[in-house]
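Structure file run-v3.csv (CSV, C-alpha atoms and all ligand atoms) is printed below.
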chain,number,residue,atom,x,y,z
A,1,MET,CA,0.0,0.0,0.0
A,2,GLU,CA,1.1,3.5,-0.6
A,3,ALA,CA,3.0,4.9,2.3
A,4,ALA,CA,1.7,8.3,3.3
A,5,SER,CA,2.1,10.4,6.3
A,6,PRO,CA,-0.8,10.6,8.8
A,7,GLU,CA,-1.1,14.3,8.0
A,8,ASP,CA,-1.5,13.4,4.3
A,9,ARG,CA,-4.0,10.7,5.0
A,10,ARG,CA,-5.9,12.9,7.2
A,11,GLU,CA,-6.2,15.6,4.6
A,12,ARG,CA,-7.3,13.0,2.1
A,13,LEU,CA,-9.9,11.8,4.5
A,14,LYS,CA,-11.3,15.3,4.6
A,15,VAL,CA,-11.5,15.3,0.9
A,16,VAL,CA,-13.5,12.0,1.0
A,17,TYR,CA,-15.7,13.6,3.7
A,18,ALA,CA,-16.4,16.6,1.5
A,19,GLU,CA,-17.3,14.3,-1.4
A,20,ALA,CA,-19.6,12.2,0.7
A,21,SER,CA,-21.3,15.3,2.2
A,22,GLY,CA,-23.1,16.0,-1.0
A,23,CYS,CA,-23.4,12.4,-2.2
A,24,VAL,CA,-26.5,11.4,-4.2
A,25,ARG,CA,-25.3,8.0,-5.3
A,26,CYS,CA,-28.2,6.1,-3.8
A,27,PRO,CA,-31.9,6.7,-3.0
A,28,LEU,CA,-31.0,7.5,0.7
A,29,ALA,CA,-29.9,10.9,-0.4
A,30,ALA,CA,-33.5,11.9,-1.0
A,31,THR,CA,-34.6,11.2,2.6
A,32,ARG,CA,-31.5,12.0,4.7
A,33,THR,CA,-31.0,15.2,6.6
A,34,THR,CA,-27.2,14.9,7.0
A,35,VAL,CA,-24.6,12.5,5.7
A,36,VAL,CA,-23.0,10.8,8.7
A,37,PHE,CA,-19.5,10.2,7.4
A,38,GLY,CA,-18.0,9.1,10.7
A,39,SER,CA,-15.9,10.6,13.5
A,40,GLY,CA,-12.9,10.0,15.5
A,41,HIS,CA,-9.2,9.9,15.1
A,42,ALA,CA,-7.9,10.0,11.6
A,43,ASP,CA,-5.0,7.8,12.5
A,44,ALA,CA,-6.8,5.5,14.8
A,45,GLY,CA,-5.5,2.0,15.4
A,46,LEU,CA,-9.0,0.9,16.2
A,47,MET,CA,-12.0,1.4,14.0
A,48,PHE,CA,-15.7,0.5,14.4
A,49,VAL,CA,-18.1,0.0,11.6
A,50,GLY,CA,-21.8,-0.1,12.4
A,51,GLU,CA,-24.8,-0.4,10.2
A,52,ALA,CA,-26.5,2.9,9.4
A,53,PRO,CA,-27.3,6.2,11.0
A,54,GLY,CA,-30.5,6.6,13.0
A,55,ALA,CA,-32.6,9.7,13.6
A,56,GLN,CA,-30.2,11.3,16.1
A,57,GLU,CA,-27.3,10.7,13.8
A,58,ASP,CA,-29.1,12.0,10.8
A,59,LYS,CA,-29.8,15.2,12.7
A,60,THR,CA,-26.4,15.7,14.2
A,61,GLY,CA,-24.2,14.3,11.5
A,62,LEU,CA,-22.3,12.2,14.0
A,63,PRO,CA,-22.3,8.4,14.4
A,64,PHE,CA,-23.6,6.5,17.4
A,65,VAL,CA,-25.3,9.4,19.2
A,66,GLY,CA,-27.8,7.7,21.5
A,67,GLN,CA,-28.2,4.8,23.8
A,68,ALA,CA,-26.2,2.4,21.7
A,69,GLY,CA,-23.4,5.0,21.5
A,70,LYS,CA,-23.4,5.5,25.2
A,71,LEU,CA,-23.0,1.8,25.6
A,72,LEU,CA,-20.2,1.8,23.1
A,73,ASP,CA,-18.5,4.5,25.0
A,74,ARG,CA,-18.9,2.6,28.3
A,75,LEU,CA,-17.5,-0.5,26.8
A,76,LEU,CA,-14.6,1.4,25.4
A,77,GLY,CA,-14.0,2.9,28.8
A,78,GLU,CA,-14.0,-0.5,30.4
A,79,VAL,CA,-11.0,-1.5,28.3
A,80,GLY,CA,-9.2,1.8,28.8
A,81,LEU,CA,-10.1,3.5,25.6
A,82,ALA,CA,-12.0,6.7,24.7
A,83,ARG,CA,-14.1,7.6,21.7
A,84,HIS,CA,-11.7,10.2,20.4
A,85,GLU,CA,-9.0,7.5,20.2
A,86,VAL,CA,-10.9,5.4,17.7
A,87,PHE,CA,-12.7,6.1,14.5
A,88,ILE,CA,-16.4,5.2,14.1
A,89,ALA,CA,-18.3,4.9,10.8
A,90,ASN,CA,-21.1,3.0,9.3
A,91,VAL,CA,-21.7,0.8,6.3
A,92,VAL,CA,-24.1,3.4,4.8
A,93,LYS,CA,-23.6,7.0,5.6
A,94,CYS,CA,-27.2,8.1,5.3
A,95,ARG,CA,-30.2,7.1,7.4
A,96,PRO,CA,-32.6,4.6,5.9
A,97,PRO,CA,-36.2,5.8,6.3
A,98,GLN,CA,-37.8,4.6,9.5
A,99,ASN,CA,-34.5,2.9,10.4
A,100,ARG,CA,-35.2,0.1,8.0
A,101,ASP,CA,-32.4,-2.2,6.9
A,102,PRO,CA,-30.2,-0.7,4.2
A,103,HIS,CA,-30.8,-2.2,0.8
A,104,PRO,CA,-28.1,-4.1,-1.1
A,105,ASN,CA,-27.9,-1.3,-3.7
A,106,GLU,CA,-27.5,1.3,-1.0
A,107,ILE,CA,-24.7,-0.7,0.7
A,108,GLU,CA,-23.0,-1.2,-2.6
A,109,ALA,CA,-23.3,2.4,-3.6
A,110,CYS,CA,-21.8,3.5,-0.3
A,111,ARG,CA,-19.1,0.9,-0.1
A,112,ASP,CA,-16.5,3.0,-1.7
A,113,TYR,CA,-16.5,5.5,1.1
A,114,LEU,CA,-15.9,2.8,3.6
A,115,VAL,CA,-13.1,1.4,1.5
A,116,ARG,CA,-11.4,4.8,1.3
A,117,GLN,CA,-11.9,5.4,5.0
A,118,VAL,CA,-10.2,2.2,5.9
A,119,GLU,CA,-7.4,2.7,3.4
A,120,LEU,CA,-6.7,6.2,4.7
A,121,ILE,CA,-7.1,5.5,8.5
A,122,GLN,CA,-5.2,2.2,8.2
A,123,PRO,CA,-6.5,0.8,11.4
A,124,LEU,CA,-4.8,-2.2,13.0
A,125,VAL,CA,-8.2,-3.6,14.1
A,126,VAL,CA,-11.6,-3.1,12.6
A,127,CYS,CA,-14.6,-4.1,14.8
A,128,SER,CA,-17.6,-4.8,12.7
A,129,LEU,CA,-20.8,-4.2,14.8
A,130,GLY,CA,-23.6,-6.5,13.9
A,131,ASN,CA,-24.6,-8.4,10.8
A,132,PHE,CA,-24.4,-5.9,8.0
A,133,ALA,CA,-20.9,-4.7,8.7
A,134,THR,CA,-19.7,-8.2,9.5
A,135,LYS,CA,-21.1,-9.7,6.3
A,136,LEU,CA,-19.7,-6.9,4.2
A,137,LEU,CA,-16.3,-6.9,5.7
A,138,ARG,CA,-16.0,-10.7,5.7
A,139,GLY,CA,-17.5,-11.0,2.2
A,140,ASP,CA,-19.5,-13.9,3.6
A,141,PRO,CA,-23.1,-14.3,4.7
A,142,THR,CA,-22.3,-16.0,8.0
A,143,GLY,CA,-24.2,-14.3,10.8
A,144,ILE,CA,-22.6,-12.4,13.7
A,145,THR,CA,-23.7,-15.0,16.2
A,146,ARG,CA,-21.3,-17.5,14.7
A,147,VAL,CA,-18.3,-15.3,14.2
A,148,HIS,CA,-18.4,-12.7,17.0
A,149,GLY,CA,-15.2,-12.6,19.1
A,150,GLN,CA,-13.2,-14.4,16.4
A,151,PRO,CA,-10.5,-12.1,15.0
A,152,GLU,CA,-9.2,-12.8,11.5
A,153,VAL,CA,-7.0,-11.1,9.1
A,154,ARG,CA,-9.0,-9.4,6.3
A,155,SER,CA,-8.5,-6.7,3.8
A,156,LEU,CA,-10.6,-4.0,2.2
A,157,GLY,CA,-9.3,-2.1,-0.8
A,158,ALA,CA,-5.6,-1.8,-0.2
A,159,ALA,CA,-5.8,-2.1,3.6
A,160,ALA,CA,-5.2,-5.2,5.7
A,161,PHE,CA,-6.3,-5.4,9.3
A,162,ARG,CA,-7.6,-7.7,11.9
A,163,LEU,CA,-11.3,-7.9,11.6
A,164,TYR,CA,-13.0,-8.4,14.9
A,165,PRO,CA,-16.8,-9.0,14.6
A,166,LEU,CA,-18.9,-7.9,17.6
A,167,PHE,CA,-22.6,-7.8,18.3
A,168,HIS,CA,-24.1,-4.4,17.6
A,169,PRO,CA,-24.4,-2.4,20.9
A,170,ALA,CA,-28.1,-1.8,20.0
A,171,ALA,CA,-28.7,-5.5,20.2
A,172,ALA,CA,-27.2,-5.6,23.7
A,173,LEU,CA,-29.2,-2.7,25.1
A,174,TYR,CA,-32.1,-4.8,26.2
A,175,THR,CA,-30.6,-8.3,26.2
A,176,PRO,CA,-28.3,-8.8,29.2
A,177,ALA,CA,-26.9,-12.1,27.8
A,178,THR,CA,-25.9,-10.3,24.6
A,179,LEU,CA,-24.4,-7.5,26.6
A,180,GLU,CA,-22.2,-9.9,28.6
A,181,ILE,CA,-21.0,-11.5,25.4
A,182,LEU,CA,-20.3,-8.1,23.9
A,183,ARG,CA,-18.5,-7.1,27.1
A,184,ALA,CA,-16.4,-10.2,27.1
A,185,ASP,CA,-15.5,-9.7,23.4
A,186,PHE,CA,-14.5,-6.2,24.1
A,187,GLN,CA,-12.0,-7.3,26.7
A,188,ARG,CA,-9.9,-8.9,24.0
A,189,ILE,CA,-9.5,-5.7,22.0
A,190,PRO,CA,-6.4,-4.3,23.9
A,191,ALA,CA,-4.6,-7.6,23.2
A,192,LEU,CA,-5.5,-7.4,19.5
A,193,LEU,CA,-4.1,-3.9,19.3
A,194,LYS,CA,-0.8,-5.1,20.6
A,195,LEU,CA,-0.3,-7.6,17.8
A,196,GLU,CA,1.9,-6.8,14.9
A,197,PRO,CA,0.0,-5.2,12.0
A,198,ALA,CA,-1.9,-7.6,9.8
A,199,PRO,CA,0.3,-8.9,7.0
A,200,PRO,CA,-0.6,-7.8,3.6
A,201,PRO,CA,-2.9,-10.3,1.9
A,202,PRO,CA,-1.7,-12.4,-1.0
A,203,PRO,CA,-2.7,-11.3,-4.4
A,204,PRO,CA,-6.0,-12.7,-5.4
A,205,THR,CA,-6.0,-15.7,-7.7
A,206,SER,CA,-8.7,-16.8,-10.1
A,207,ARG,CA,-9.7,-19.5,-7.7
A,208,GLU,CA,-9.7,-17.3,-4.7
A,209,PRO,CA,-11.5,-14.1,-5.5
A,210,ALA,CA,-10.7,-11.0,-3.5
A,211,LEU,CA,-12.8,-10.1,-0.6
A,212,ASP,CA,-13.8,-7.0,-2.5
A,213,GLU,CA,-15.0,-9.0,-5.4
A,214,ALA,CA,-16.8,-11.5,-3.2
A,215,ALA,CA,-18.5,-8.7,-1.4
A,216,THR,CA,-20.5,-7.5,-4.4
A,217,GLY,CA,-18.4,-4.5,-4.9
A,218,PRO,CA,-16.3,-3.3,-7.8
A,219,PRO,CA,-12.6,-4.1,-7.9
A,220,PRO,CA,-10.5,-2.4,-5.3
A,221,ARG,CA,-9.9,1.3,-5.8
A,222,ALA,CA,-6.2,0.9,-5.4
A,223,ALA,CA,-3.6,-1.8,-5.0
A,224,THR,CA,-4.3,-5.3,-4.0
A,225,GLY,CA,-7.1,-6.4,-1.8
A,226,GLY,CA,-7.5,-10.1,-1.6
A,227,ALA,CA,-9.4,-11.8,1.0
A,228,SER,CA,-7.2,-13.3,3.6
A,229,GLY,CA,-7.7,-16.2,5.7
A,230,PRO,CA,-8.4,-16.6,9.3
A,231,GLU,CA,-6.2,-15.1,11.9
A,232,ALA,CA,-2.7,-16.2,11.2
A,233,THR,CA,-0.3,-14.3,13.2
A,234,GLY,CA,-0.4,-13.8,16.9
A,235,GLY,CA,3.0,-12.6,17.8
A,236,ALA,CA,2.7,-10.1,20.5
A,237,ALA,CA,4.5,-6.9,19.9
A,238,GLY,CA,5.1,-4.2,22.4
A,239,PRO,CA,2.2,-2.2,23.8
A,240,ARG,CA,0.9,0.2,21.2
A,241,PRO,CA,-1.5,3.0,21.9
A,242,VAL,CA,-4.7,2.9,19.9
A,243,ALA,CA,-3.9,6.2,18.4
A,244,HIS,CA,-1.3,8.9,18.7
A,245,ALA,CA,1.2,6.2,18.0
A,246,PRO,CA,3.8,6.2,15.3
A,247,ARG,CA,2.5,4.2,12.4
A,248,PRO,CA,4.4,1.8,10.3
A,249,ASP,CA,5.1,4.7,7.9
A,250,GLY,CA,6.8,6.3,10.8
A,251,VAL,CA,4.8,9.5,11.3
A,252,GLU,CA,3.0,10.7,14.2
A,253,VAL,CA,-0.5,11.5,14.7
A,254,PRO,CA,-2.3,14.7,13.9
A,255,THR,CA,-4.5,16.4,16.3
A,256,PRO,CA,-5.4,19.5,14.5
A,257,ALA,CA,-7.7,22.1,15.4
A,258,GLU,CA,-10.4,21.8,12.9
A,259,ALA,CA,-12.1,19.2,14.9
A,260,SER,CA,-15.4,20.7,15.5
A,261,ALA,CA,-16.0,19.3,18.9
A,262,PRO,CA,-14.5,16.7,21.1
A,263,ALA,CA,-16.0,13.4,20.5
A,264,GLU,CA,-16.8,13.0,24.2
A,265,ALA,CA,-18.9,16.0,23.9
A,266,SER,CA,-20.7,14.8,20.9
A,267,ALA,CA,-23.1,12.3,21.9
A,268,PRO,CA,-22.6,8.8,20.7
A,269,ALA,CA,-25.0,6.3,19.4
A,270,GLU,CA,-26.6,5.0,16.5
A,271,ALA,CA,-29.5,2.9,16.1
A,272,PRO,CA,-30.5,-0.1,14.1
A,273,ALA,CA,-29.9,-3.5,15.4
A,274,PRO,CA,-29.2,-6.1,12.8
A,275,ALA,CA,-32.2,-7.8,11.5
A,276,GLU,CA,-31.3,-10.0,8.6
A,277,ASP,CA,-29.7,-12.8,10.6
A,278,PRO,CA,-31.8,-15.1,12.6
A,279,ALA,CA,-29.5,-14.6,15.5
A,280,PRO,CA,-30.3,-13.9,19.1
A,281,GLU,CA,-29.4,-10.3,18.7
A,282,ALA,CA,-31.7,-10.0,15.7
A,283,GLY,CA,-34.5,-10.6,18.0
A,284,ALA,CA,-33.4,-8.0,20.4
A,285,PRO,CA,-35.6,-5.0,20.6
A,286,GLU,CA,-34.2,-2.4,18.3
A,287,ALA,CA,-33.6,0.9,19.7
A,288,PRO,CA,-35.3,3.3,17.3
A,289,ALA,CA,-33.1,6.3,17.1
A,290,GLU,CA,-36.1,8.5,17.4
A,291,ALA,CA,-36.6,7.2,20.9
A,292,GLN,CA,-33.1,7.4,21.9
A,293,PRO,CA,-32.2,10.2,24.2
A,294,SER,CA,-29.3,12.3,23.3
A,295,ALA,CA,-26.1,11.6,25.2
A,296,GLY,CA,-24.2,14.8,25.1
A,297,GLY,CA,-25.1,16.3,21.8
A,298,PRO,CA,-28.0,18.5,21.2
A,299,PRO,CA,-30.7,17.8,23.7
A,300,SER,CA,-33.3,15.4,22.4
A,301,GLY,CA,-35.9,17.2,20.5
A,302,GLU,CA,-33.9,20.3,20.1
A,303,ASP,CA,-34.1,21.7,16.6
A,304,ASP,CA,-30.5,22.3,16.3
A,305,GLU,CA,-29.6,22.4,12.7
A,306,ARG,CA,-25.9,21.7,13.0
A,307,PRO,CA,-24.0,21.4,9.8
A,308,PRO,CA,-22.6,18.0,8.8
A,309,GLN,CA,-19.6,17.2,10.9
A,310,LEU,CA,-16.5,15.3,10.4
A,311,ASP,CA,-15.5,15.6,14.1
A,312,LEU,CA,-12.0,14.5,13.1
A,313,PHE,CA,-9.1,14.3,15.4
B,401,LIG,S1,-25.9,6.2,1.7
B,401,LIG,FE1,-23.8,6.5,0.9
B,401,LIG,S2,-24.1,6.2,-1.3
B,401,LIG,FE2,-26.1,6.6,-0.5
B,401,LIG,S3,-26.4,8.9,-0.7
B,401,LIG,FE3,-25.6,8.5,1.4
B,401,LIG,S4,-23.4,8.7,1.2
B,401,LIG,FE4,-24.2,8.5,-0.9

Structure re-expressed in C-alpha cells:
Amino acid sequence: MEAASPEDRRERLKVVYAEASGCVRCPLAATRTTVVFGSGHADAGLMFVGEAPGAQEDKTGLPFVGQAGKLLDRLLGEVGLARHEVFIANVVKCRPPQNRDPHPNEIEACRDYLVRQVELIQPLVVCSLGNFATKLLRGDPTGITRVHGQPEVRSLGAAAFRLYPLFHPAAALYTPATLEILRADFQRIPALLKLEPAPPPPPPTSREPALDEAATGPPPRAATGGASGPEATGGAAGPRPVAHAPRPDGVEVPTPAEASAPAEASAPAEAPAPAEDPAPEAGAPEAPAEAQPSAGGPPSGEDDERPPQLDLF
C-alpha cells in the first residue's frame, strides 16, 4: 500500500468527507438530513463499523449518538479507551427511512466511502458491529452469532487489518446475555491492538476471489485487496496505543484544530440492530433512534440544525 504520512492521509480523508457530504449516489440521499460520514481519530489503530445512522445521527451528522453509542463509550472505557482515540463509521452514511435495513444497492453504492476510510485511516483492528458490517467486511453471509469474538486477518481495498466482529451495541441494550457476550469480546481488544500489523494479503487468484469481489463490490480502488484467511499471526508486539502512535510509515499523529467538537462532547450512538440474521441479537428489541435520548449532543428534540460534521481528530 502506498505509504503516506498521517497528515496526508488525514487531509485526504477530509476530501472524501467533502465528497460524501453531497453524495447522491443512492436513494437514501433523498430522505436523509445529513450525511453521517464518521468521526474520531484520523490515525486510529481501532475502527468500528456499524450499520447505518439513525434519527439522532441524521440530525447531528455524528455516528452513534444515542443509547447504543453511550453503551459503546462505556465498553470502550472498560478497556481503557476513549471515543476520540478510535474512528467510528457505518456501512451506509445516510439514514434509511424509519431505520429500515439498508438495501443491497445502497450498501453497494456507499461501499467505496468505507473502503477509502479504511485505506486512509489504516486501522490495525476493525470491529464490525452487527450483521451488516460483518457480512460486508467478511464477504460472507455468516451471521454475527457464529463469528463474533473471532479475529481474523482481512482486507478491504488496499488495507489489511484484523477484523473483529462484535454484536451491535443496540442488540445488547435490552438483552443482558448479549451484553455480557459483547463485554467479554471487548475485553480482547487491547490484546489485539498489541499484535503486529496484519500482514498484507496475498494477491488474489482466479480460484480465490478477492474479498472486494466477493462482497459484491467493484474491484478495489487501489492496489491489491485479496481476502485473507483466518487469523494467522499472533506474535505479540510491544504495547501500542490505539492512536497517537507512530504508524508503520513512521509518522506521528495529527490532532489539528479543525475538529469541530471533542468526541466525548458529541453524543454517541446509532440505532438499528441487525435484523437479517436469525441470530439472538436480531430478536433483540431495536432501539429506534427517534426514541433514543441524546447523550451529550443537542438535547433530544432540540431543533439544532448543526452542519454536517467530520469531528476529526
Ligand atoms: S448512503 Fe452513501 S451512497 Fe447513499 S447517498 Fe448516502 S453517502 Fe451516498

- Message: Could you tell me how far CA of Pro165 (chain A) sits from CA of Leu71 (chain A), in Å to one decimal place?
- Response: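 Atom-to-atom, CA of Leu71 (chain A) to CA of Pro165 (chain A), that is 16.6 Å.
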
- Pairwise distance for CA of Ala29 (chain A) and CA of Pro169 (chain A), rounded to one decimal in Å: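 One can read the CA of Ala29 (chain A) to CA of Pro169 (chain A) distance as 25.7 Å.
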
- Message: What does the structure give for the distance between CA of Arg95 (chain A) and CA of Arg25 (chain A), in Å to one decimal?
- Response: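 About the pair CA of Arg95 (chain A) and CA of Arg25 (chain A): they are 13.6 Å apart.
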
- Please provide as a PyMOL selection string all residues within 12 Å of Ala18 (chain A), with the sequence filter that same-chain residues fewer than 3 positions apart are discarded (counting all atoms listed in the file). chain A and resi 11-15+21-23+35-38+113+308-310

- Message: Give me, as an NGL selection string, all polymer residues having an atom no more than 12 Å from Leu76 (chain A), counting only C-alpha atoms and skipping those fewer than 2 positions away in the same chain.
- Response: :A and (46-48 or 69-74 or 78-86 or 127 or 169 or 182-190 or 242 or 264 or 268)

- Task: For ligand LIG 401 (chain B), list the contacting residues at 10 Å or closer, counting only C-alpha atoms and all ligand atoms, as a PyMOL selection string.
- Result: chain A and resi 17+19-32+34-37+52-53+90-96+102-103+105-114

- Task: Excluding Leu129 (chain A) and any residue of its chain fewer than 3 positions from it, enumerate the residues within 6 Å of it, using all atoms listed in the file, and give them as an NGL selection string.
- Result: :A and (49-50 or 166-168)

- Message: Using only C-alpha atoms for the distances, tell me which of A:Ala158, A:Leu124, A:Gln117, A:Asn131 is nearest to Ala3 (chain A).
- Response: A:Ala158

- Which is closest to Leu163 (chain A) among A:Leu193, A:Ile88, A:Ala4, A:Ala55, if we use all atoms listed in the file? A:Leu193

- The residue from A:Arg9, A:Thr60, A:Phe87, A:Gly143 with the smallest atom-to-atom distance to Ser39 (chain A), counting all atoms listed in the file, is A:Phe87

How would region 92-117 of chain A read, as a short mmCIF file (atom, residue, chain, number, x, y, z; two decimals), in the coordinates of the input, once N, CA and C atoms are built in?
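Saved the output as rebuild08.cif:
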data_model
loop_
_atom_site.label_atom_id
_atom_site.label_comp_id
_atom_site.auth_asym_id
_atom_site.auth_seq_id
_atom_site.Cartn_x
_atom_site.Cartn_y
_atom_site.Cartn_z
N VAL A 92 -23.48 2.30 5.66
CA VAL A 92 -24.10 3.40 4.80
C VAL A 92 -24.06 4.66 5.63
N LYS A 93 -23.84 5.73 4.93
CA LYS A 93 -23.60 7.00 5.60
C LYS A 93 -24.91 7.84 5.74
N CYS A 94 -25.97 7.37 5.17
CA CYS A 94 -27.20 8.10 5.30
C CYS A 94 -28.29 7.24 5.93
N ARG A 95 -29.18 7.88 6.64
CA ARG A 95 -30.20 7.10 7.40
C ARG A 95 -31.24 6.53 6.48
N PRO A 96 -31.47 5.24 6.59
CA PRO A 96 -32.60 4.60 5.90
C PRO A 96 -33.90 5.10 6.54
N PRO A 97 -34.91 5.38 5.76
CA PRO A 97 -36.20 5.80 6.30
C PRO A 97 -36.72 4.86 7.37
N GLN A 98 -37.23 5.39 8.43
CA GLN A 98 -37.80 4.60 9.50
C GLN A 98 -36.80 3.55 10.05
N ASN A 99 -35.54 3.82 9.89
CA ASN A 99 -34.50 2.90 10.40
C ASN A 99 -34.61 1.52 9.79
N ARG A 100 -35.13 1.43 8.59
CA ARG A 100 -35.20 0.10 8.00
C ARG A 100 -33.77 -0.36 7.65
N ASP A 101 -33.67 -1.65 7.32
CA ASP A 101 -32.40 -2.20 6.90
C ASP A 101 -31.92 -1.50 5.64
N PRO A 102 -30.64 -1.26 5.53
CA PRO A 102 -30.20 -0.70 4.20
C PRO A 102 -30.30 -1.78 3.15
N HIS A 103 -30.65 -1.32 1.97
CA HIS A 103 -30.80 -2.20 0.80
C HIS A 103 -29.46 -2.54 0.21
N PRO A 104 -29.39 -3.68 -0.46
CA PRO A 104 -28.10 -4.10 -1.10
C PRO A 104 -27.56 -2.99 -2.03
N ASN A 105 -28.43 -2.36 -2.80
CA ASN A 105 -27.90 -1.30 -3.70
C ASN A 105 -27.39 -0.13 -2.97
N GLU A 106 -27.94 0.15 -1.81
CA GLU A 106 -27.50 1.30 -1.00
C GLU A 106 -26.09 0.93 -0.39
N ILE A 107 -25.99 -0.29 0.09
CA ILE A 107 -24.70 -0.70 0.70
C ILE A 107 -23.62 -0.70 -0.39
N GLU A 108 -23.99 -1.18 -1.55
CA GLU A 108 -23.00 -1.20 -2.60
C GLU A 108 -22.62 0.21 -3.07
N ALA A 109 -23.60 1.08 -3.15
CA ALA A 109 -23.30 2.40 -3.60
C ALA A 109 -22.40 3.16 -2.57
N CYS A 110 -22.55 2.83 -1.32
CA CYS A 110 -21.80 3.50 -0.30
C CYS A 110 -20.49 2.86 0.08
N ARG A 111 -20.30 1.70 -0.44
CA ARG A 111 -19.10 0.90 -0.10
C ARG A 111 -17.82 1.59 -0.31
N ASP A 112 -17.74 2.30 -1.39
CA ASP A 112 -16.50 3.00 -1.70
C ASP A 112 -16.02 3.93 -0.67
N TYR A 113 -16.96 4.58 -0.01
CA TYR A 113 -16.50 5.50 1.10
C TYR A 113 -15.89 4.74 2.21
N LEU A 114 -16.47 3.61 2.55
CA LEU A 114 -15.90 2.80 3.60
C LEU A 114 -14.51 2.30 3.23
N VAL A 115 -14.40 1.86 1.99
CA VAL A 115 -13.10 1.40 1.50
C VAL A 115 -12.05 2.49 1.68
N ARG A 116 -12.41 3.69 1.24
CA ARG A 116 -11.40 4.80 1.30
C ARG A 116 -11.17 5.19 2.76
N GLN A 117 -12.17 5.11 3.61
CA GLN A 117 -11.90 5.40 5.00
C GLN A 117 -10.91 4.44 5.61
#
